[in-house]
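**Q** Just so it is clear, I am handing over query-v2.txt, which has compact mmCIF, C-alpha atoms.
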```txt
# COMPACT_ATOMS: atom_id res chain seq x y z
CA MET R 12 7.80 4.11 43.26
CA PHE R 13 5.41 1.73 41.60
CA HIS R 14 4.23 -1.39 43.46
CA LEU R 15 2.02 -4.20 42.22
CA PRO R 16 -1.47 -3.78 43.72
CA GLU R 17 -2.44 -6.11 46.56
CA ASP R 18 -5.87 -6.68 45.10
CA PRO R 19 -5.58 -9.81 42.92
CA ARG R 20 -7.83 -8.52 40.11
CA LEU R 21 -6.04 -5.20 39.89
CA ARG R 22 -2.76 -7.09 40.03
CA LEU R 23 -3.84 -9.21 37.07
CA LEU R 24 -4.78 -6.10 35.06
CA THR R 25 -1.46 -4.50 35.98
CA VAL R 26 0.51 -7.54 34.84
CA LEU R 27 -1.43 -7.47 31.58
CA LEU R 28 -0.55 -3.80 31.18
CA LEU R 29 3.12 -4.47 31.81
CA VAL R 30 3.48 -7.61 29.71
CA TRP R 31 1.12 -7.37 26.73
CA PRO R 32 2.16 -4.04 25.11
CA PRO R 33 5.83 -5.04 24.61
CA LEU R 34 4.78 -8.54 23.52
CA HIS R 35 2.26 -7.00 21.12
CA ALA R 36 4.98 -4.82 19.59
CA VAL R 37 7.06 -7.90 18.79
CA LEU R 38 4.47 -10.62 18.12
CA ILE R 39 1.79 -8.87 16.10
CA PRO R 40 3.96 -7.75 13.16
CA ALA R 41 5.62 -11.16 13.07
CA LEU R 42 2.20 -12.77 12.75
CA GLY R 43 1.17 -10.38 9.98
CA ILE R 44 -1.60 -8.80 12.03
CA SER R 45 -2.31 -5.08 12.02
CA THR R 46 -0.76 -3.10 14.87
CA TRP R 47 -4.18 -1.44 15.29
CA ARG R 48 -5.65 -4.71 16.58
CA LEU R 49 -5.64 -6.95 19.63
CA GLY R 50 -5.11 -4.38 22.34
CA GLY R 51 -1.48 -3.32 22.08
CA TRP R 52 -0.67 0.31 21.65
CA GLY R 53 0.41 0.32 17.99
CA MET R 54 -2.10 2.85 16.69
CA TYR R 55 -0.73 5.04 13.86
CA ALA R 56 2.48 2.98 13.69
CA THR R 57 1.30 1.28 10.50
CA PRO R 58 -1.55 2.06 8.09
CA ASN R 59 -5.01 1.66 9.52
CA PRO R 60 -6.67 -1.35 7.84
CA THR R 61 -9.45 0.95 6.68
CA GLU R 62 -6.96 2.43 4.21
CA ILE R 63 -6.79 -0.85 2.34
CA GLN R 64 -8.53 -0.79 -1.02
CA VAL R 65 -10.12 -3.64 -2.87
CA ALA R 66 -10.68 -4.05 -6.59
CA VAL R 67 -12.32 -7.00 -8.27
CA ILE R 68 -11.31 -7.39 -11.88
CA ALA R 69 -12.81 -9.52 -14.60
CA ARG R 70 -12.46 -9.84 -18.33
CA ASP R 71 -14.84 -7.63 -20.32
CA CYS R 72 -16.28 -10.69 -21.96
CA VAL R 73 -17.25 -12.07 -18.54
CA LEU R 74 -19.05 -8.96 -17.39
CA PRO R 75 -22.66 -8.30 -18.32
CA PRO R 76 -22.97 -5.02 -20.31
CA ARG R 77 -24.75 -3.31 -17.41
CA LEU R 78 -21.72 -3.89 -15.20
CA ILE R 79 -19.30 -2.69 -17.85
CA ASP R 80 -21.30 0.52 -18.03
CA ARG R 81 -21.22 0.91 -14.25
CA ALA R 82 -17.66 -0.26 -13.76
CA VAL R 83 -15.62 2.11 -11.64
CA GLY R 84 -12.03 3.06 -11.11
CA ILE R 85 -9.90 0.84 -13.23
CA ARG R 86 -12.23 -0.18 -16.02
CA GLY R 87 -10.37 -0.75 -19.24
CA LEU R 88 -7.15 -1.71 -17.52
CA VAL R 89 -4.75 -3.33 -19.95
CA LEU R 90 -2.39 -5.73 -18.32
CA GLY R 91 1.10 -6.84 -19.18
CA ASP R 92 1.40 -7.53 -22.86
CA GLY R 93 -1.56 -5.31 -23.67
CA SER R 94 -3.71 -8.08 -25.04
CA PHE R 95 -6.27 -8.25 -22.27
CA GLY R 96 -9.05 -5.80 -21.64
CA TYR R 97 -10.48 -5.79 -18.14
CA GLY R 98 -13.30 -4.21 -16.26
CA ALA R 99 -13.59 -3.59 -12.55
CA LEU R 100 -16.60 -4.57 -10.52
CA PRO R 101 -17.97 -2.24 -7.91
CA VAL R 102 -17.23 -3.63 -4.46
CA ASP R 103 -19.96 -2.75 -2.01
CA ALA R 104 -19.36 -1.61 1.56
CA ALA R 105 -20.16 -4.98 3.12
CA ALA R 106 -17.76 -6.75 0.78
CA HIS R 107 -15.14 -4.20 1.65
CA GLU R 108 -15.63 -5.03 5.31
CA ARG R 109 -14.92 -8.67 4.47
CA ALA R 110 -11.69 -7.75 2.76
CA ARG R 111 -10.59 -5.79 5.78
CA ASP R 112 -10.55 -9.03 7.72
CA LEU R 113 -7.38 -9.77 5.83
CA SER R 114 -5.60 -6.98 7.56
CA ALA R 115 -6.93 -7.89 10.97
CA LEU R 116 -6.07 -11.56 10.82
CA ARG R 117 -4.87 -12.93 7.53
CA TRP R 118 -7.39 -15.64 6.87
CA GLU R 119 -7.48 -16.63 3.23
CA PRO R 120 -11.09 -17.86 3.41
CA ASP R 121 -12.04 -14.21 3.56
CA VAL R 122 -10.87 -13.80 -0.04
CA LEU R 123 -13.23 -16.63 -0.92
CA ALA R 124 -16.04 -15.04 1.07
CA LEU R 125 -15.46 -11.77 -0.76
CA ASN R 126 -15.41 -13.65 -4.06
CA ALA R 127 -18.69 -15.40 -3.21
CA ARG R 128 -20.35 -12.14 -2.22
CA VAL R 129 -19.27 -10.31 -5.37
CA ARG R 130 -20.44 -13.17 -7.61
CA ARG R 131 -23.78 -13.37 -5.82
CA THR R 132 -24.28 -9.61 -6.06
CA HIS R 133 -23.52 -9.44 -9.77
CA GLY R 134 -24.78 -12.85 -10.90
CA LEU R 135 -21.43 -14.09 -12.16
CA ASP R 136 -20.76 -17.70 -12.97
CA GLU R 137 -18.50 -19.53 -10.50
CA ARG R 138 -16.39 -20.88 -13.38
CA HIS R 139 -15.27 -17.48 -14.64
CA SER R 140 -12.01 -16.30 -13.17
CA LEU R 141 -11.99 -13.10 -11.14
CA ALA R 142 -8.92 -11.26 -9.90
CA ILE R 143 -9.23 -9.77 -6.43
CA ALA R 144 -6.62 -7.12 -5.75
CA ILE R 145 -6.03 -5.78 -2.26
CA THR R 146 -3.82 -2.73 -2.13
CA GLN R 147 -2.24 -0.89 0.76
CA PRO R 148 -0.89 2.54 -0.16
CA ARG R 149 2.68 3.49 0.72
CA ILE R 150 4.86 6.48 -0.09
CA ARG R 151 8.63 6.54 -0.61
CA THR R 152 9.40 9.74 1.21
CA ALA R 153 12.80 10.21 -0.46
CA THR R 154 11.22 10.50 -3.92
CA HIS R 155 7.59 11.26 -2.95
CA THR R 156 6.51 8.29 -5.01
CA ALA R 157 3.31 6.57 -3.97
CA PHE R 158 2.96 2.89 -4.73
CA GLY R 159 0.77 -0.01 -3.75
CA LEU R 160 1.62 -3.04 -1.67
CA THR R 161 -0.68 -5.32 -3.55
CA SER R 162 -1.89 -8.88 -3.11
CA VAL R 163 -3.63 -10.41 -6.11
CA PHE R 164 -5.77 -13.52 -5.90
CA ILE R 165 -7.25 -15.21 -8.95
CA VAL R 166 -10.35 -17.10 -7.92
CA ALA R 167 -12.39 -19.59 -9.93
CA ASP R 168 -14.67 -22.49 -9.04
CA GLY R 169 -14.66 -21.46 -5.39
CA SER R 170 -10.92 -21.73 -4.91
CA ILE R 171 -7.84 -19.58 -5.25
CA THR R 172 -6.04 -20.72 -8.37
CA GLN R 173 -3.21 -18.21 -8.26
CA ARG R 174 -1.84 -15.64 -5.85
CA ASP R 175 0.88 -13.07 -5.90
CA HIS R 176 2.05 -10.43 -3.46
CA GLY R 177 4.49 -7.64 -3.80
CA VAL R 178 5.55 -4.08 -4.25
CA ALA R 179 4.37 -3.53 -7.77
CA SER R 180 1.48 -2.31 -9.81
CA LEU R 181 -1.03 -4.87 -10.95
CA ALA R 182 0.21 -4.49 -14.52
CA TYR R 183 3.46 -6.18 -13.60
CA PHE R 184 2.10 -9.02 -11.53
CA ASP R 185 2.53 -12.36 -13.11
CA ALA R 186 -1.16 -13.05 -12.72
CA ARG R 187 -3.27 -13.49 -15.83
CA LEU R 188 -6.95 -14.08 -16.19
CA PRO R 189 -7.78 -16.66 -18.86
CA ALA R 190 -8.46 -15.29 -22.34
CA CYS R 191 -12.05 -14.82 -23.40
CA ASP R 192 -12.12 -17.83 -25.69
CA ALA R 193 -10.89 -20.01 -22.83
CA ALA R 194 -13.71 -18.87 -20.55
CA PRO R 195 -16.81 -21.07 -20.36
CA MET A 47 -19.05 4.62 43.41
CA ASN A 48 -17.97 5.96 46.77
CA GLU A 49 -17.97 9.73 47.36
CA SER A 50 -14.40 9.40 48.63
CA ASN A 51 -12.95 9.05 45.14
CA PRO A 52 -14.47 11.84 43.04
CA PRO A 53 -11.74 11.79 40.35
CA LEU A 54 -12.49 8.12 39.56
CA ARG A 55 -16.19 8.92 39.48
CA ALA A 56 -15.57 11.90 37.21
CA LEU A 57 -13.55 9.71 34.83
CA GLY A 58 -16.33 7.10 34.81
CA LEU A 59 -18.94 9.75 34.05
CA LEU A 60 -16.79 11.17 31.26
CA VAL A 61 -16.39 7.76 29.58
CA ALA A 62 -20.09 6.94 30.05
CA VAL A 63 -21.33 10.23 28.57
CA LYS A 64 -18.96 9.86 25.64
CA THR A 65 -20.07 6.27 25.01
CA VAL A 66 -23.72 7.32 24.99
CA LEU A 67 -23.05 10.25 22.65
CA LEU A 68 -21.18 8.02 20.21
CA ALA A 69 -23.30 4.88 20.31
CA LEU A 70 -26.76 6.46 20.28
CA PRO A 71 -26.56 8.21 16.88
CA LEU A 72 -24.80 5.19 15.35
CA GLY A 73 -27.54 2.93 16.65
CA PHE A 74 -30.34 5.10 15.25
CA LEU A 75 -28.73 6.14 11.98
CA GLN A 76 -27.54 2.65 11.06
CA GLU A 77 -30.46 0.88 12.73
CA ASP A 78 -27.86 -1.17 14.55
CA ALA A 79 -29.19 -3.06 17.55
CA GLY A 80 -25.69 -3.63 18.91
CA HIS A 81 -24.92 0.08 19.19
CA LEU A 82 -28.35 0.77 20.68
CA LEU A 83 -27.64 -1.86 23.32
CA ILE A 84 -24.24 -0.28 24.03
CA ALA A 85 -25.92 3.12 24.39
CA GLY A 86 -28.51 1.57 26.72
CA PHE A 87 -25.88 0.03 28.98
CA ALA A 88 -23.83 3.25 28.98
CA MET A 89 -26.90 5.32 29.84
CA THR A 90 -27.72 2.93 32.68
CA GLY A 91 -24.12 3.33 33.81
CA LEU A 92 -24.43 7.09 33.70
CA ILE A 93 -27.56 7.07 35.87
CA GLY A 94 -25.98 4.63 38.32
CA MET A 95 -22.79 6.63 38.64
CA LEU A 96 -24.70 9.87 39.19
CA ARG A 97 -26.26 8.13 42.21
CA HIS A 98 -22.87 6.77 43.41
CA ARG A 99 -23.84 3.16 42.71
CA ALA A 100 -21.37 0.41 41.85
CA TRP A 101 -23.86 -1.10 39.38
CA GLY A 102 -23.45 2.06 37.35
CA VAL A 103 -19.80 1.26 36.67
CA ALA A 104 -20.75 -2.38 36.06
CA ALA A 105 -23.20 -1.26 33.37
CA LEU A 106 -20.50 0.89 31.76
CA ALA A 107 -18.13 -2.12 31.77
CA CYS A 108 -20.91 -4.16 30.09
CA ALA A 109 -21.31 -1.47 27.40
CA LEU A 110 -17.59 -1.46 26.63
CA THR A 111 -17.34 -5.27 26.69
CA LEU A 112 -20.20 -5.43 24.22
CA ARG A 113 -18.45 -2.89 21.98
CA VAL A 114 -15.33 -5.08 21.91
CA LEU A 115 -17.35 -8.22 21.18
CA ILE A 116 -19.44 -6.85 18.33
CA THR A 117 -16.45 -5.30 16.58
CA LEU A 118 -14.23 -8.41 16.66
CA PRO A 119 -11.87 -9.04 14.84
CA HIS A 120 -11.73 -5.36 13.83
CA THR A 121 -11.74 -4.08 17.42
CA LEU A 122 -9.45 -1.09 17.62
CA ASN A 123 -6.86 -0.91 20.38
CA HIS A 124 -8.68 2.16 21.72
CA ALA A 125 -11.73 0.03 22.52
CA TRP A 126 -9.64 -2.57 24.38
CA PHE A 127 -8.03 0.22 26.35
CA GLU A 128 -11.33 1.76 27.40
CA LEU A 129 -12.58 -1.68 28.45
CA LEU A 130 -9.53 -2.04 30.69
CA VAL A 131 -10.21 1.39 32.19
CA ALA A 132 -13.82 0.41 32.90
CA LEU A 133 -12.76 -2.85 34.55
CA VAL A 134 -10.39 -1.00 36.89
CA LEU A 135 -13.13 1.54 37.73
CA TRP A 136 -15.53 -1.33 38.37
CA ARG A 137 -13.15 -3.01 40.79
CA ALA A 138 -12.66 0.25 42.68
CA ALA A 139 -16.40 0.91 42.80
CA ALA A 140 -17.32 -2.60 43.94
CA CYS A 141 -15.17 -2.34 47.05
CA PRO A 142 -14.60 1.36 47.68
CA THR A 143 -11.97 1.34 50.42
CA ARG A 144 -9.32 4.02 50.49
CA ARG A 145 -6.56 1.50 49.81
CA LEU A 146 -8.27 -0.07 46.79
CA THR A 147 -9.12 3.33 45.38
CA ALA A 148 -5.46 4.35 45.63
CA GLN A 149 -4.42 1.12 43.92
CA ALA A 150 -6.97 1.61 41.14
CA ARG A 151 -5.70 5.12 40.50
CA GLN A 152 -2.16 3.79 40.35
CA VAL A 153 -3.17 1.19 37.73
CA LEU A 154 -4.93 3.85 35.66
CA ARG A 155 -1.87 6.11 35.79
CA LEU A 156 0.28 3.20 34.66
CA ALA A 157 -2.22 2.52 31.85
CA ILE A 158 -2.02 6.01 30.35
CA LEU A 159 1.77 6.12 30.66
CA SER A 160 1.94 2.70 28.99
CA VAL A 161 -0.23 3.91 26.10
CA PHE A 162 2.03 6.90 25.49
CA PHE A 163 5.31 5.04 25.78
CA PHE A 164 4.45 1.94 23.76
CA SER A 165 2.64 3.78 21.01
CA GLY A 166 5.78 5.93 20.66
CA LEU A 167 7.93 2.81 20.65
CA GLN A 168 5.81 1.10 17.97
CA LYS A 169 5.93 4.23 15.80
CA LEU A 170 9.70 4.22 16.14
CA VAL A 171 10.06 0.49 15.39
CA HIS A 172 7.81 0.41 12.31
CA GLY A 173 9.35 3.54 10.82
CA GLN A 174 6.38 4.71 8.75
CA PHE A 175 5.29 7.38 11.19
CA ILE A 176 8.65 8.82 12.13
CA SER A 177 9.66 9.24 8.48
CA GLY A 178 6.62 11.45 7.92
CA GLU A 179 5.12 8.89 5.56
CA TYR A 180 2.08 8.19 7.72
CA LEU A 181 0.87 11.80 7.85
CA LEU A 182 1.75 12.43 4.19
CA ARG A 183 -0.21 9.33 3.17
CA ALA A 184 -3.15 10.46 5.24
CA ILE A 185 -3.15 13.82 3.46
CA VAL A 186 -2.88 12.30 -0.01
CA PHE A 187 -5.01 9.18 0.11
CA GLU A 188 -7.31 9.12 3.11
CA SER A 189 -10.80 10.41 3.47
CA ASN A 190 -11.49 10.72 7.18
CA THR A 191 -11.55 13.37 9.88
CA MET A 192 -7.80 13.23 10.55
CA ALA A 193 -6.95 13.60 6.86
CA ASP A 194 -9.45 16.44 6.38
CA HIS A 195 -8.10 18.14 9.47
CA LEU A 196 -4.48 17.87 8.28
CA ARG A 197 -5.35 19.04 4.76
CA PHE A 198 -7.11 22.06 6.23
CA ALA A 199 -4.39 22.85 8.76
CA LEU A 200 -1.53 22.49 6.26
CA ALA A 201 -3.18 24.29 3.37
CA GLY A 202 -0.80 27.19 4.02
CA PHE A 203 2.13 25.00 2.94
CA GLN A 204 0.47 23.38 -0.05
CA HIS A 205 -2.91 22.14 -1.16
CA LEU A 206 -2.64 18.47 -2.09
CA PRO A 207 -5.72 17.10 -3.82
CA GLU A 208 -7.08 13.79 -2.50
CA ARG A 209 -6.02 10.85 -4.69
CA ASP A 210 -7.78 7.55 -5.33
CA VAL A 211 -5.79 4.60 -3.99
CA HIS A 212 -7.04 2.54 -6.94
CA GLU A 213 -4.55 4.48 -9.07
CA LEU A 214 -1.80 2.54 -7.32
CA LEU A 215 -3.12 -0.72 -8.76
CA LEU A 216 -2.02 0.47 -12.16
CA HIS A 217 1.28 2.21 -11.59
CA PRO A 218 3.32 4.16 -9.02
CA VAL A 219 2.37 7.82 -8.76
CA VAL A 220 4.87 10.65 -8.29
CA LEU A 221 3.40 13.20 -5.87
CA ASN A 222 4.12 16.87 -6.25
CA VAL A 223 4.99 17.51 -2.60
CA ARG A 224 6.81 20.70 -1.66
CA PRO A 225 9.95 20.09 0.42
CA GLN A 226 8.70 22.52 3.09
CA LEU A 227 5.54 20.47 3.63
CA HIS A 228 7.49 17.22 3.87
CA THR A 229 10.01 18.76 6.27
CA PHE A 230 7.19 20.08 8.46
CA LEU A 231 5.47 16.69 8.54
CA ARG A 232 8.74 14.99 9.41
CA VAL A 233 9.50 17.42 12.23
CA LEU A 234 5.93 17.02 13.53
CA SER A 235 6.19 13.22 13.42
CA VAL A 236 9.58 13.10 15.15
CA GLY A 237 8.29 15.55 17.77
CA ILE A 238 5.24 13.39 18.50
CA VAL A 239 7.29 10.20 18.82
CA ALA A 240 9.91 11.90 21.00
CA ALA A 241 7.24 13.32 23.30
CA GLU A 242 5.47 9.95 23.55
CA LEU A 243 8.71 8.22 24.52
CA VAL A 244 10.28 10.79 26.81
CA VAL A 245 7.46 12.53 28.67
CA PRO A 246 6.02 9.40 30.37
CA ILE A 247 9.51 8.61 31.69
CA LEU A 248 9.76 12.15 33.07
CA VAL A 249 6.39 11.65 34.78
CA VAL A 250 7.56 8.36 36.36
CA PHE A 251 10.60 10.16 37.79
CA ARG A 252 8.39 13.05 38.95
CA ILE A 253 10.33 15.67 37.04
CA ARG A 254 8.89 19.12 37.59
CA GLY A 255 6.44 20.11 34.87
CA ALA A 256 6.26 16.58 33.39
CA ARG A 257 2.52 16.20 34.05
CA TRP A 258 1.80 19.46 32.28
CA ALA A 259 4.03 18.34 29.41
CA LEU A 260 2.05 15.09 29.17
CA LEU A 261 -1.25 16.97 29.19
CA THR A 262 0.04 19.31 26.47
CA THR A 263 1.27 16.33 24.42
CA GLN A 264 -2.10 14.64 24.82
CA ILE A 265 -3.99 17.71 23.66
CA GLY A 266 -1.57 18.20 20.76
CA ILE A 267 -1.91 14.61 19.57
CA GLY A 268 -5.68 14.80 19.94
CA LEU A 269 -5.75 17.92 17.78
CA VAL A 270 -3.45 16.48 15.09
CA SER A 271 -5.38 13.21 14.91
CA ALA A 272 -8.77 14.94 15.30
CA GLU A 273 -9.79 11.87 17.27
CA ALA A 274 -11.78 13.65 19.97
CA ASP A 275 -13.37 10.37 21.08
CA PHE A 276 -10.22 8.74 22.45
CA ALA A 277 -8.65 12.08 23.33
CA LEU A 278 -11.44 12.64 25.84
CA THR A 279 -10.73 9.39 27.68
CA ALA A 280 -6.97 9.94 27.51
CA THR A 281 -7.26 13.49 28.87
CA GLY A 282 -9.39 12.16 31.73
CA LEU A 283 -6.67 9.65 32.57
CA VAL A 284 -3.92 12.27 32.38
CA LEU A 285 -5.91 14.38 34.86
CA LEU A 286 -5.63 11.49 37.34
CA LEU A 287 -1.91 12.25 37.57
CA TRP A 288 -2.92 15.16 39.83
CA ARG A 289 -4.03 14.12 43.30
CA VAL A 290 -7.19 16.22 43.23
CA PRO A 291 -7.86 17.59 39.75
CA PRO A 292 -10.16 20.62 39.93
CA ARG A 293 -13.77 19.94 38.95
CA THR A 294 -13.54 22.53 36.21
CA SER A 295 -10.80 20.50 34.50
CA TRP A 296 -13.26 17.63 33.87
CA VAL A 297 -15.84 20.02 32.51
CA ALA A 298 -13.20 21.75 30.38
CA ALA A 299 -12.01 18.39 29.01
CA PHE A 300 -15.54 17.38 28.09
CA LEU A 301 -16.53 20.71 26.54
CA GLY A 302 -13.18 21.11 24.77
CA TRP A 303 -13.16 17.73 23.03
CA THR A 304 -16.88 17.87 22.29
CA SER A 305 -16.28 21.20 20.55
CA VAL A 306 -13.39 19.69 18.56
CA ALA A 307 -15.66 16.78 17.55
CA VAL A 308 -18.44 19.13 16.45
CA LEU A 309 -16.06 21.42 14.54
CA THR A 310 -14.32 18.47 12.85
CA ALA A 311 -17.61 16.88 11.89
CA GLY A 312 -18.78 20.22 10.53
```
For the file at hand, write its structure as structure tokens.

**A**
Amino acid sequence: MFHLPEDPRLRLLTVLLLVWPPLHAVLIPALGISTWRLGGWGMYATPNPTEIQVAVIARDCVLPPRLIDRAVGIRGLVLGDGSFGYGALPVDAAAHERARDLSALRWEPDVLALNARVRRTHGLDERHSLAIAITQPRIRTATHTAFGLTSVFIVADGSITQRDHGVASLAYFDARLPACDAAP
Amino acid sequence: MNESNPPLRALGLLVAVKTVLLALPLGFLQEDAGHLLIAGFAMTGLIGMLRHRAWGVAALACALTLRVLITLPHTLNHAWFELLVALVLWRAAACPTRRLTAQARQVLRLAILSVFFFSGLQKLVHGQFISGEYLLRAIVFESNTMADHLRFALAGFQHLPERDVHELLLHPVVLNVRPQLHTFLRVLSVGIVAAELVVPILVVFRIRGARWALLTTQIGIGLVSAEADFALTATGLVLLLWRVPPRTSWVAAFLGWTSVAVLTAG
């Protein structure tokens, strides 16, 4: 049978081993933290934060032509009522690392840090609105339909002006970047 | 470390060699001082442990502590686990009496059983793994060694091209998945979770063959996940379930998982 070790340090490590994993299983999801983090044994139970994808979206009129030419992935996305044309900014590896913080510990300032980095990299004015979309892929196994669990943040003037989260594509989020004539 | 506990020393050497092999290329390729420092500590640990010195294990514990610190807050659970293993080894090496060695081995056995049981429990509770979704998602959307490995291994069922997750920003995507592939993934997932939950309990109750079942489960999971790095440590810990694991088993574990790592990387 198992006995607690007599050595106090080994005993401490044993108590940690006995107490933390079950606590981790209950606490970590409730706090919105990835099960891959903080030393419980929840690996593979939920998506690895590295699977999370980030897109930064701006109106075409906001983007310099060179960025429109280089835009990747979802350039030309037409949202909602079809009246808005958008381009996507490339998000570099370091910025992607920043965004992953969200899935480790959900600190909103990281969205702002990501916003600041993207603006600095591409020389974008602080006053123009950017949409930052963070998507975690999921699959409905009954229908084999893949969808995104997406959080959208609209950021302007160094603060988050609008946010939305949900099981939907970006096209159906009630998040709208200002029209071109409203932009400074 | 004292000569009287060769299995603990073998485990320490295994973890130290692995840490050096992983951290050194990362340090050089990415010009990352942190990983170079980790490799330096682990190499010091390796030399110390070869000479049966307690400071060798202390250096290994320093390497793994540093790895946890520089990866915060993204530190993977695997890294925390290996730090715990190193701390237990350190305690046993610092005061190598027969009683403390036995206690340290008991803690390490508990640690590996805890990893199996609670990772099975979390997979059951969160539901994404046991439904087959996790592995299917890996095949469709991920670009890493596990996904590549699964795509290659399951090509006989169906070849699913890798998709860009950015597509999901625009609209849901219907995947053309054959029912046979989904059924296989589901059976595989349920089998993994069942083994993780049941086999550690069988080991605790000393059911005949349970240790071999745990070793087989460990090797199977390591092959499915293609995560040779952690599989090496975990296999070393499973070997501690035997009172005196044969020396060849440590060599086989090292060579086996190194080969898997090389083949997967290739």

**Q** Which neighbours of region 236-252 of chain A fall inside 10 Å, counting all atoms listed in the file, when residues of the same chain fewer than 3 positions from it are skipped, and could you give them as a compact mmCIF listing (two decimals) with C-alpha atoms, in the coordinates of the input?

**A**
```txt
# COMPACT_ATOMS: atom_id res chain seq x y z
CA MET R 12 7.80 4.11 43.26
CA PHE R 13 5.41 1.73 41.60
CA ARG A 155 -1.87 6.11 35.79
CA LEU A 156 0.28 3.20 34.66
CA ILE A 158 -2.02 6.01 30.35
CA LEU A 159 1.77 6.12 30.66
CA SER A 160 1.94 2.70 28.99
CA VAL A 161 -0.23 3.91 26.10
CA PHE A 162 2.03 6.90 25.49
CA PHE A 163 5.31 5.04 25.78
CA PHE A 164 4.45 1.94 23.76
CA SER A 165 2.64 3.78 21.01
CA GLY A 166 5.78 5.93 20.66
CA LEU A 167 7.93 2.81 20.65
CA GLN A 168 5.81 1.10 17.97
CA LYS A 169 5.93 4.23 15.80
CA LEU A 170 9.70 4.22 16.14
CA PHE A 175 5.29 7.38 11.19
CA ILE A 176 8.65 8.82 12.13
CA SER A 177 9.66 9.24 8.48
CA GLY A 178 6.62 11.45 7.92
CA PHE A 230 7.19 20.08 8.46
CA LEU A 231 5.47 16.69 8.54
CA ARG A 232 8.74 14.99 9.41
CA VAL A 233 9.50 17.42 12.23
CA GLY A 255 6.44 20.11 34.87
CA ALA A 256 6.26 16.58 33.39
CA ARG A 257 2.52 16.20 34.05
CA TRP A 258 1.80 19.46 32.28
CA ALA A 259 4.03 18.34 29.41
CA LEU A 260 2.05 15.09 29.17
CA LEU A 261 -1.25 16.97 29.19
CA THR A 262 0.04 19.31 26.47
CA THR A 263 1.27 16.33 24.42
CA GLN A 264 -2.10 14.64 24.82
CA GLY A 266 -1.57 18.20 20.76
CA ILE A 267 -1.91 14.61 19.57
CA VAL A 270 -3.45 16.48 15.09
CA LEU A 287 -1.91 12.25 37.57
```

**Q** Near Phe187 (chain A), counting only C-alpha atoms, which residues have an atom at most 9 Å away, once you skip same-chain residues fewer than 6 positions from it, shown as number ranges by chain?

**A** R: 62, 148; A: 193, 207-211

**Q** Could the residues in this selection be written to a file with C-alpha atoms, as a compact mmCIF listing (two decimals), in the coordinates of the input?

**A**
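The file below, again36.txt, is the result:
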```txt
# COMPACT_ATOMS: atom_id res chain seq x y z
CA GLU R 62 -6.96 2.43 4.21
CA PRO R 148 -0.89 2.54 -0.16
CA ALA A 193 -6.95 13.60 6.86
CA PRO A 207 -5.72 17.10 -3.82
CA GLU A 208 -7.08 13.79 -2.50
CA ARG A 209 -6.02 10.85 -4.69
CA ASP A 210 -7.78 7.55 -5.33
CA VAL A 211 -5.79 4.60 -3.99
```

**Q** Which residue is closest to chain A? Choose from R:Gly51, R:Arg130, R:Val26, R:Val178 and count all atoms listed in the file.

**A**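 Nearest candidate to chain A out of R:Gly51, R:Arg130, R:Val26, R:Val178: R:Gly51.
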
**Q** Do you have the CA of Leu96 (chain A)-CA of Leu133 (chain A) distance handy?

**A**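 These two atoms are separated by 18.1 Å.
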
**Q** Please identify all polymer residues lying at most 8 Å from the point (-12.9, 5.4, 29.0) (file coordinates), using all atoms listed in the file, and present the result as an MDAnalysis selection string.

**A** chainID A and resid 57:58 60:62 127:129 131:132 276 279:280

**Q** Select all residues from chain A having any atom no more than 8 Å from an atom of chain R (counting all atoms listed in the file, ignoring ligands), output as a VMD selection string.

**A** chain A and resid 119 to 127 130 134 137 146 149 to 150 152 to 153 156 to 157 160 to 161 164 to 165 168 to 170 172 to 175 177 to 180 182 to 183 187 to 188 211 to 223

**Q** If I take CA of Ala69 (chain A) and CA of Thr294 (chain A), how far is one from the other in Å, to one decimal?

**A**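 Computing it gives 25.7 Å between the two atoms.
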
**Q** Calculate how many Å separate CA of Leu123 (chain R) from CA of Leu188 (chain R), rounding to one decimal.

**A** 16.7 Å

**Q** List as a PyMOL selection string the protein and nucleic acid residues near Ala109 (chain A), meaning an atom at most 6 Å away when only C-alpha atoms are counted, but skip any in the same chain fewer than 4 places from it.

**A** chain A and resi 84+87-88

**Q** Might you pull out every residue within 8 Å of region 195-198 of chain A, with only C-alpha atoms counted and same-chain residues fewer than 4 positions away left off, and present them as a list in words?

**A** Ile185, Thr191, His205, Leu206, Val270, Ser271, Ala272 and Thr310 of chain A

**Q** Output C-alpha atoms of each residue in that selection to a file, as a tab-separated table (two decimals), keeping the file's coordinate frame.

**A**
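The resulting file, result16.tsv, is shown below:
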```
chain	number	residue	atom	x	y	z
A	185	ILE	CA	-3.15	13.82	3.46
A	191	THR	CA	-11.55	13.37	9.88
A	205	HIS	CA	-2.91	22.14	-1.16
A	206	LEU	CA	-2.64	18.47	-2.09
A	270	VAL	CA	-3.45	16.48	15.09
A	271	SER	CA	-5.38	13.21	14.91
A	272	ALA	CA	-8.77	14.94	15.30
A	310	THR	CA	-14.32	18.47	12.85
```
